[in-house]
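Enquirer: Sharing a structure below in structure tokens format, with a few things to ask.
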Amino acid sequence: MAAYWRKTWPFHVLLWPALALCIVFQYIPLFGVVIAFQDYEPWLGIKGSPWVGFAHFHYLFTYPDGKQIIWNTLIISAFKLVVNLIIPIVFALLLNEVRKVYFKRVVQTLVYLPHFLSWVILGGILIDILSTEGGIINRALNSFGIDSIFFLGDGQWFRFTVVLSDVWKEFGFSAIIFLATLVGINPALYEAAEIDGASRWQQVTMISVPLIMPIIIVVATLSLGRILDAGFDQILNLYNPLVYSHGDIIDTFVYREGLNNGQFSFGTAVGLFKSAIGFILIVISYRMAFKLANYRIF
Amino acid sequence: MRYRSRSYTVFTYSNTVFLSLLSLVCILPLIHVFALSLSSRAAATANIVNFWPIGFTTDAYVKTLGNAAFLRSLWIGLERTVLGTILSMAVVTMASYSLSKTNYKFPGRTVYIWIFVFTMLFSGGLIPSYILISKLHLIDTIWALVLPSAVSVWNMILMLNFFRTIPQDLEEAAHIDGAGHLRVLWSVYLPVSMPSIATLSLFTMVFHWNSWFDGVIYMSNPREYPLATYLHSMIVSDNLSRVGVTLESIDNFSNRTIKSAQIFIGALPILIVYPFLQKYFVKGIVLGSVKS
């Protein structure tokens, strides 16, 4: 033991700051989830609050809004998953056809930018341009003779706006991984196909697409693992009481009911329910990605 | 021959047009807000501003930078970005040095790795974290904004993978010359890995500048809001008034140029570092996500 210590102490000492921060800010809150099984009151503390078992979990499913928020989360997330997969793939394939390096670089610079701006900034911009009182989008619609659309005040339109604006922010950045794979394809494959008389379209469908398939499968399965994350940052910046019925997701509900309305225990229970399911989904999705496409994170 | 068919030429032209339009769609909203921020109040209220300022004036910026609450939030935002980045990079670099060693050199390494990786998979959630921060009396202090996110496991993995590419000979030579591990980390590892440290620092800076939710929950006094949180509270009230939930509509409307100026100032640091970011992130994301 002493010999081990003498040999390795600098390694341990260098790890201590990270370890201490990790234990305090990650592991201690993990024990805090016991309040999901209590009626936690701040002045009683975790030790003094009464135990109620699974009452809060039961309440979530009998609560009238409970099913609605789970449904909202799933539907918004599912739409995002599909659109956030298709658009980046199509975009990557189209950009891959561009021969002018300079043009390619300009396009990339512009489409990656929104990824780095926060939803606070983008939310502020969207609220202004989507406004019914003279927002630039509705002005454009009006000039084509279309009535103003209440993008952020009507439930169905709100979901549409959330999905579309998320794609707008992320499609360029999500395409990087596909572009990198496309660039890496051996040109000899295309040349051989060409000699055999394949058109450019045939080359895309029979060489490019099959070769990026493994990456598509990895990206799809990994995003399935995060299906319960429907975009907390985004929705909290865009929603309002008018669209709670269609736009309230699990995370925003936990924040509003749990923290703002002081229902600490109920909020924690809903959050715990979500992380437990999320954990299982992530493990399954990594397994699937490994099985289907031999993907490993380490 | 490959690119000479007539239909392919048609495709090339329409593809260029389409991709140009797509790029414009990504950037025009930002340009619109910038144009609004430089327009006169009257033009903004009359809804005639598109992508070029009408009635050019820097009035909105003068007013914004004369607003004490805004300046204070701007300062706190910068403070947390600098402090948070330094702290996080220091902690992560030290830990990655140890974790980059082989199991033979540093038995026990795997235990640490699992302790860190587990936090990527499972977290206590919003409310237990909030209770912890308030029990530690960190509410309304800058530490609530920089300490919980300091250990970025993702950055740690990227950094330790980079450290592993450093030739062992360099390190052994230093050890033979009598250098201890701290000395090796400081005088051999750090100078060699400056590019990757710069990249990760840049990403950490962007993360801190963009973080707003921790400010909402951990800062009970709006005076302590970092800029991102300040902007969030502003746009939420803006949103509520635009859908008619509150009655301050008229007041909000006249402030549209000032709001645009504030949003643009919030985006400015990102726009400034963006060229540097772009140089690195393509490489970084590919390294991080596909490994053969």
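Quick note on naming: the chains in the structure tokens go A, B, ... in the order shown, residues restart at 1 in each chain, and ligands are numbered from 1 in order of appearance.
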Provide as a PyMOL selection string the residues of chain B at most 7 Å from chain A, counting only C-alpha atoms.

Expert: chain B and resi 15+20+23+26-27+29+33+47+91-92+94-95+98+106+119+121-125+127-129+132+148+151+181+210+228+231-232+235-236+239-240+242-243+263+266-267+270+282+286

Enquirer: Just the number, please: distance in Å from CA of Ala289 (chain A) to CA of Leu189 (chain A), one decimal.

Expert: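 Separation of CA of Ala289 (chain A) and CA of Leu189 (chain A): 26.3 Å.
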
Enquirer: Work out how far apart CA of Ser148 (chain A) and CA of Phe160 (chain A) are and give it in Å to one decimal.

Expert: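 Atom-to-atom, CA of Ser148 (chain A) to CA of Phe160 (chain A), that is 15.3 Å.
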
Enquirer: What is the distance, in Å and to one decimal place, between CA of Gly180 (chain B) and CA of Trp114 (chain B)?

Expert: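 Result for CA of Gly180 (chain B) versus CA of Trp114 (chain B): 26.6 Å, one decimal.
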
Enquirer: Near Ala43 (chain B), counting only C-alpha atoms, which residues have an atom at most 10 Å away, once you skip same-chain residues fewer than 5 positions from it, shown as number ranges by chain?

Expert: B: 36, 48-49, 53-56, 257
